[in-house]
Structure formats: structure tokens, C-alpha cells
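Chemist: Contents of coords_5.cif (mmCIF, C-alpha atoms) are given next:
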data_model
loop_
_atom_site.label_atom_id
_atom_site.label_comp_id
_atom_site.auth_asym_id
_atom_site.auth_seq_id
_atom_site.Cartn_x
_atom_site.Cartn_y
_atom_site.Cartn_z
CA MET Y 1 -4.10 -19.83 -2.20
CA ASN Y 2 -1.21 -17.58 -3.02
CA VAL Y 3 -1.09 -18.50 -6.70
CA ASP Y 4 -4.61 -17.12 -6.94
CA LEU Y 5 -3.23 -13.71 -6.07
CA ILE Y 6 -0.90 -13.67 -9.08
CA PHE Y 7 -3.75 -14.69 -11.37
CA LYS Y 8 -5.98 -12.12 -9.73
CA ILE Y 9 -3.50 -9.31 -10.36
CA ALA Y 10 -2.98 -10.38 -13.97
CA ALA Y 11 -6.76 -10.54 -14.48
CA ILE Y 12 -7.23 -7.08 -12.98
CA GLY Y 13 -4.49 -5.77 -15.26
CA ILE Y 14 -6.13 -7.24 -18.37
CA LEU Y 15 -9.59 -6.07 -17.29
CA VAL Y 16 -8.38 -2.55 -16.60
CA SER Y 17 -6.66 -2.31 -19.97
CA ILE Y 18 -9.82 -3.53 -21.76
CA LEU Y 19 -11.95 -1.00 -19.86
CA ASN Y 20 -9.37 1.64 -20.69
CA ILE Y 21 -9.58 0.87 -24.40
CA VAL Y 22 -13.40 0.85 -24.39
CA LEU Y 23 -13.67 4.12 -22.48
CA ASN Y 24 -11.02 5.76 -24.62
CA LYS Y 25 -12.78 4.68 -27.81
CA SER Y 26 -16.08 6.16 -26.59
CA GLY Y 27 -14.37 9.42 -25.83
CA ARG Y 28 -14.34 9.28 -22.02
CA GLU Y 29 -10.69 9.85 -21.31
CA GLU Y 30 -11.27 11.05 -17.72
CA GLN Y 31 -13.21 7.93 -16.77
CA ALA Y 32 -10.57 5.80 -18.45
CA MET Y 33 -7.92 7.40 -16.30
CA MET Y 34 -10.03 6.94 -13.17
CA THR Y 35 -10.46 3.25 -13.96
CA THR Y 36 -6.71 2.89 -14.35
CA LEU Y 37 -6.15 4.61 -11.03
CA ALA Y 38 -8.80 2.54 -9.24
CA GLY Y 39 -7.33 -0.68 -10.59
CA LEU Y 40 -3.88 0.35 -9.47
CA VAL Y 41 -5.09 1.23 -5.97
CA VAL Y 42 -6.98 -2.06 -5.60
CA VAL Y 43 -3.91 -4.06 -6.61
CA LEU Y 44 -1.65 -1.95 -4.44
CA MET Y 45 -3.82 -2.70 -1.39
CA MET Y 46 -3.48 -6.42 -2.03
CA VAL Y 47 0.27 -6.22 -2.63
CA VAL Y 48 0.95 -4.07 0.43
CA LYS Y 49 -0.83 -6.62 2.64
CA GLU Y 50 1.43 -9.35 1.23
CA ILE Y 51 4.58 -7.30 1.70
CA VAL Y 52 3.67 -6.70 5.34
CA LYS Y 53 3.28 -10.46 5.67
CA LEU Y 54 6.74 -10.98 4.16
CA PHE Y 55 8.40 -8.49 6.49
CA ASP Y 56 6.63 -10.03 9.49
CA THR Y 57 7.82 -13.47 8.41
CA VAL Y 58 11.42 -12.30 8.09
CA LYS Y 59 11.16 -10.59 11.46
CA ALA Y 60 9.74 -13.65 13.19
CA LEU Y 61 12.21 -15.96 11.46
CA LEU Y 62 15.38 -14.07 12.30
CA GLY Y 63 14.19 -12.65 15.59
CA PHE Y 64 14.30 -8.89 15.60
CA MET G 1 11.78 -30.60 -0.18
CA GLU G 2 11.95 -30.89 -3.97
CA ALA G 3 8.16 -30.54 -4.17
CA GLU G 4 8.48 -27.00 -2.87
CA LEU G 5 11.20 -26.16 -5.37
CA ILE G 6 9.15 -27.50 -8.25
CA ARG G 7 6.14 -25.57 -7.01
CA ILE G 8 8.07 -22.30 -6.71
CA ALA G 9 9.72 -22.80 -10.11
CA ALA G 10 6.40 -23.52 -11.79
CA ILE G 11 4.69 -20.54 -10.18
CA GLY G 12 7.65 -18.37 -11.18
CA ILE G 13 7.40 -19.36 -14.84
CA VAL G 14 3.62 -18.84 -14.86
CA GLY G 15 4.06 -15.48 -13.15
CA ALA G 16 6.72 -14.41 -15.66
CA ILE G 17 4.47 -15.28 -18.59
CA LEU G 18 1.51 -13.47 -17.01
CA ALA G 19 3.71 -10.44 -16.34
CA MET G 20 4.84 -10.46 -19.96
CA VAL G 21 1.21 -10.51 -21.16
CA VAL G 22 0.20 -7.67 -18.85
CA SER G 23 3.33 -5.54 -19.14
CA GLU G 24 2.56 -4.37 -22.68
CA LYS G 25 -0.38 -2.26 -21.54
CA ARG G 26 0.09 -2.07 -17.79
CA PRO G 27 3.72 -2.24 -16.70
CA GLU G 28 2.76 -1.42 -13.09
CA MET G 29 0.67 -4.60 -12.85
CA ALA G 30 3.64 -6.61 -14.10
CA MET G 31 5.70 -5.17 -11.25
CA MET G 32 2.98 -6.12 -8.75
CA ILE G 33 3.08 -9.71 -10.02
CA GLY G 34 6.81 -9.73 -9.42
CA LEU G 35 6.39 -8.39 -5.89
CA VAL G 36 3.68 -10.91 -4.98
CA PHE G 37 5.82 -13.74 -6.32
CA GLY G 38 8.76 -12.56 -4.23
CA VAL G 39 6.62 -12.54 -1.09
CA MET G 40 5.09 -15.90 -1.90
CA ALA G 41 8.35 -17.69 -2.53
CA LEU G 42 9.72 -16.68 0.85
CA VAL G 43 6.52 -17.42 2.76
CA LEU G 44 6.48 -20.90 1.16
CA ILE G 45 10.01 -21.71 2.33
CA ALA G 46 9.83 -19.87 5.67
CA GLY G 47 9.09 -23.07 7.58
CA LYS G 48 12.15 -24.85 6.17
CA ALA G 49 14.37 -21.85 6.84
CA GLY G 50 13.12 -21.80 10.42
CA ALA G 51 14.07 -25.45 10.86
CA VAL G 52 17.59 -24.77 9.55
CA LEU G 53 18.00 -21.77 11.82
CA LYS G 54 16.84 -23.79 14.83
CA LEU G 55 19.44 -26.45 13.99
CA ILE G 56 22.18 -23.81 13.81
CA ASP G 57 21.02 -22.40 17.14
CA GLN G 58 21.10 -25.85 18.76
CA SER G 59 24.63 -26.61 17.55
CA ILE G 60 25.79 -23.22 18.78
CA THR G 61 24.43 -23.83 22.27
CA LYS G 62 25.89 -27.38 22.23
CA ALA G 63 29.29 -25.93 21.37
CA GLY G 64 29.04 -23.77 24.47
CA ILE G 65 29.01 -20.46 22.62
CA ASP G 66 26.75 -17.77 23.98
CA ALA G 67 23.57 -17.77 21.87
CA LYS G 68 23.43 -13.98 22.23
CA LEU G 69 26.43 -13.74 19.89
CA MET G 70 24.43 -15.24 17.04
CA VAL G 71 21.55 -12.75 17.31
CA PRO G 72 23.25 -10.00 15.25
CA VAL G 73 24.15 -12.54 12.57
CA PHE G 74 20.50 -13.53 12.09
CA LYS G 75 19.42 -9.93 12.39
CA VAL G 76 21.78 -8.77 9.67
CA THR G 77 20.66 -11.65 7.45
CA GLY G 78 17.05 -10.55 7.79
CA MET G 79 17.93 -6.91 7.17
CA ALA G 80 19.88 -7.89 4.08
CA TYR G 81 16.90 -9.83 2.78
CA ILE G 82 14.49 -6.94 3.30
CA THR G 83 16.94 -4.47 1.75
CA GLN G 84 17.50 -6.69 -1.27
CA PHE G 85 13.74 -7.17 -1.73
CA SER G 86 12.96 -3.46 -1.73
CA VAL G 87 16.01 -2.58 -3.84
CA ASP G 88 14.97 -5.13 -6.47
CA ALA G 89 11.42 -3.75 -6.44
CA CYS G 90 12.68 -0.20 -7.00
CA ARG G 91 15.04 -1.36 -9.76
CA ASP G 92 12.14 -3.13 -11.47
CA ALA G 93 10.20 0.10 -11.34
CA GLY G 94 13.15 1.84 -13.01
CA GLN G 95 14.06 3.95 -9.98
CA THR G 96 17.74 3.14 -9.60
CA ALA G 97 18.36 6.30 -7.55
CA ILE G 98 15.85 5.30 -4.86
CA ALA G 99 17.18 1.76 -4.99
CA SER G 100 20.74 2.83 -4.27
CA LYS G 101 19.57 5.06 -1.40
CA ILE G 102 17.75 2.12 0.20
CA GLU G 103 20.92 0.09 -0.31
CA ILE G 104 23.04 2.70 1.48
CA ALA G 105 20.52 2.95 4.35
CA GLY G 106 20.49 -0.83 4.69
CA LYS G 107 24.29 -1.03 4.71
CA ILE G 108 24.62 1.66 7.38
CA LEU G 109 21.95 0.07 9.60
CA MET G 110 23.54 -3.38 9.22
CA LEU G 111 26.88 -1.86 10.19
CA ALA G 112 25.21 -0.29 13.23
CA VAL G 113 24.01 -3.74 14.27
CA ALA G 114 27.40 -5.34 13.67
CA VAL G 115 29.64 -2.72 15.30
CA PRO G 116 28.90 -3.67 18.97
CA ILE G 117 30.18 -7.19 18.27
CA ALA G 118 33.42 -5.82 16.83
CA THR G 119 33.89 -3.46 19.76
CA SER G 120 33.26 -6.25 22.27
CA LEU G 121 35.89 -8.33 20.48
CA ILE G 122 38.37 -5.46 20.74
CA ALA G 123 37.50 -5.03 24.42
CA MET G 124 38.10 -8.75 25.00
CA VAL G 125 41.50 -8.56 23.30
CA THR G 126 42.51 -5.55 25.38
CA THR G 127 41.58 -7.34 28.62
CA ILE G 128 43.76 -10.29 27.59
CA LEU G 129 46.66 -7.96 26.86
#
Take the structure I supplied and represent it as C-alpha cells, if you would.

Modeler:
Amino acid sequence: MNVDLIFKIAAIGILVSILNIVLNKSGREEQAMMTTLAGLVVVLMMVVKEIVKLFDTVKALLGF
Amino acid sequence: MEAELIRIAAIGIVGAILAMVVSEKRPEMAMMIGLVFGVMALVLIAGKAGAVLKLIDQSITKAGIDAKLMVPVFKVTGMAYITQFSVDACRDAGQTAIASKIEIAGKILMLAVAVPIATSLIAMVTTIL
């Protein structure tokens, strides 16, 4: 279930760069930037959740 | 045991290749892949680490040493892990200045956890003398 997350992030990265290229080619630089930002925020949400899980695991494991 | 290692190694290689593919256009996504892998590897082995820690705890209590003395040791280990994780993440992002500040903060806080043990040792020695 966790491997999916890595693939998901890589897929989002590829998708965002393709969208970026398409939007840039059609002369919509602002939208291209917004797509980049949205992709980054989506991935960041997922990663932050995982990092919280890691810190909770370390906390529970070593008791503090 | 070795199944976990093989799994983590395989996922690591796949993650590295994916990060390489993505990093050309989107270096921030490559960093996210690295972070997620770091989390995943620890969560996968957390159960085993817990078993080892429990074993250490049991032998300590069998030896008649106060289990409270081991708490700071575990605590500092956990703090070191968290510090190392965030420092590595910042280094990957190219922010060595932030990384070294986190390192300093971690070191000082670990020292703050460890100092009471040292002072209690000194107090014990002075009572003997």
C-alpha cells in the first residue's frame, strides 16, 4: 500500500510536467504555473501525512 | 527478516529510478519520493525494532537495573532519528544552512535530555565520597 504512494507521486510529477509543457506551448503561462503549484500542494499534503506517521511511530517506539 | 530487507531494497531502487525520471523536470517531486521512501522504510521495520527494544528492556529489568535509567537512552535515539531525517531532507533540498540549524537544535535538546543522568551520576559519586 505504501509503494503505491511512491508511484503516485512520480505519476503526479510526470502529469504535472506534461500539463506544464502543453499549457506553456499554448501560451498560458499563468495557468501552467498554477498547475505546478496545485500539483506541489497535493503531493505535499500526502507527504506531510506520512511524515506525521513516521514521527508518531518513532515516538511510540522509543516512548516519549 | 530477509524478506523485509529485500522488499525495502527493491522499493528503494524503484524509487531512485522514479526520482531520476521525475527530477529532470520536477526536482521537488523527486525530493518527495525520497521523503516518502524514508518514512516507509522505517514504518516497515518498526515492528521488528519494537521487538528488539522490548528484549533490551526485559534484560535490563532482569539485571536489576532501574528501567527508568534506560528511558533517556531510547529518547535520545528517537530524537537522533528524527533530527537525521529532517536534516537529510533539508540537505536534499539544497538548504544546508537550515539543515545545520536543525542539527544544532537536535544536539542541544539531546544534551538537555542527557544532562540529568550525568548530574545524578555525579550526585551518587558525591554521596559515596

Chemist: Compute the set of chain G residues within 7 Å of chain Y, using all atoms listed in the file, and express it as a ChimeraX atom specification.

Modeler: /G:15,18,22,25-26,29,32-33,36,39-40,43,50,74-75,78

Chemist: What is the CA of Leu19 (chain Y)-CA of Met33 (chain Y) distance in Å, reported with one decimal?

Modeler: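 For CA of Leu19 (chain Y) relative to CA of Met33 (chain Y), the distance reads 10.0 Å.
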
Chemist: Grab the CA of Leu44 (chain G) to CA of Glu2 (chain G) distance for me, in Å with one decimal place.

Modeler: 12.5 Å

Chemist: List the residues matched by the PyMOL selection byres ((chain G and resi 80-84) around 8) in the displayed structure as a PyMOL selection string, ordered by chain and then by residue number.

Modeler: (chain Y and resi 55+58) or (chain G and resi 76-79+85-88+102-103+106+110)

Chemist: Would you work out the distance separating CA of Val73 (chain G) from CA of Leu53 (chain G), expressed in Å to one decimal?

Modeler: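 About the pair CA of Val73 (chain G) and CA of Leu53 (chain G): they are 11.1 Å apart.
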
Chemist: N, CA and C atoms are what I want for region 25-44 of chain Y; can you complete it accordingly and write them as a short mmCIF file (atom, residue, chain, number, x, y, z; two decimals), in the coordinates of the input?

Modeler:
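What landed in selection_13.cif:
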data_model
loop_
_atom_site.label_atom_id
_atom_site.label_comp_id
_atom_site.auth_asym_id
_atom_site.auth_seq_id
_atom_site.Cartn_x
_atom_site.Cartn_y
_atom_site.Cartn_z
N LYS Y 25 -12.14 4.70 -26.49
CA LYS Y 25 -12.78 4.68 -27.81
C LYS Y 25 -14.08 5.48 -27.80
N SER Y 26 -14.82 5.42 -26.65
CA SER Y 26 -16.08 6.16 -26.59
C SER Y 26 -15.88 7.59 -26.10
N GLY Y 27 -14.65 8.02 -26.10
CA GLY Y 27 -14.37 9.42 -25.83
C GLY Y 27 -14.49 9.84 -24.38
N ARG Y 28 -14.28 8.92 -23.44
CA ARG Y 28 -14.34 9.28 -22.02
C ARG Y 28 -12.96 9.09 -21.40
N GLU Y 29 -12.07 10.00 -21.76
CA GLU Y 29 -10.69 9.85 -21.31
C GLU Y 29 -10.57 9.96 -19.78
N GLU Y 30 -11.39 10.86 -19.18
CA GLU Y 30 -11.27 11.05 -17.72
C GLU Y 30 -11.64 9.77 -16.99
N GLN Y 31 -12.79 9.17 -17.43
CA GLN Y 31 -13.21 7.93 -16.77
C GLN Y 31 -12.18 6.82 -16.99
N ALA Y 32 -11.58 6.81 -18.17
CA ALA Y 32 -10.57 5.80 -18.45
C ALA Y 32 -9.42 5.93 -17.47
N MET Y 33 -9.02 7.17 -17.23
CA MET Y 33 -7.92 7.40 -16.30
C MET Y 33 -8.29 6.99 -14.89
N MET Y 34 -9.56 7.31 -14.52
CA MET Y 34 -10.03 6.94 -13.17
C MET Y 34 -10.03 5.43 -12.99
N THR Y 35 -10.46 4.72 -14.04
CA THR Y 35 -10.46 3.25 -13.96
C THR Y 35 -9.05 2.74 -13.74
N THR Y 36 -8.11 3.30 -14.51
CA THR Y 36 -6.71 2.89 -14.35
C THR Y 36 -6.26 3.08 -12.91
N LEU Y 37 -6.59 4.26 -12.39
CA LEU Y 37 -6.15 4.61 -11.03
C LEU Y 37 -6.78 3.67 -10.01
N ALA Y 38 -8.10 3.41 -10.18
CA ALA Y 38 -8.80 2.54 -9.24
C ALA Y 38 -8.20 1.14 -9.26
N GLY Y 39 -7.94 0.64 -10.47
CA GLY Y 39 -7.33 -0.68 -10.59
C GLY Y 39 -5.99 -0.74 -9.88
N LEU Y 40 -5.21 0.31 -10.09
CA LEU Y 40 -3.88 0.35 -9.47
C LEU Y 40 -4.00 0.35 -7.95
N VAL Y 41 -4.94 1.14 -7.42
CA VAL Y 41 -5.09 1.23 -5.97
C VAL Y 41 -5.54 -0.12 -5.39
N VAL Y 42 -6.49 -0.76 -6.08
CA VAL Y 42 -6.98 -2.06 -5.60
C VAL Y 42 -5.83 -3.06 -5.51
N VAL Y 43 -5.02 -3.10 -6.59
CA VAL Y 43 -3.91 -4.06 -6.61
C VAL Y 43 -2.87 -3.70 -5.56
N LEU Y 44 -2.65 -2.40 -5.41
CA LEU Y 44 -1.65 -1.95 -4.44
C LEU Y 44 -2.04 -2.37 -3.03
#
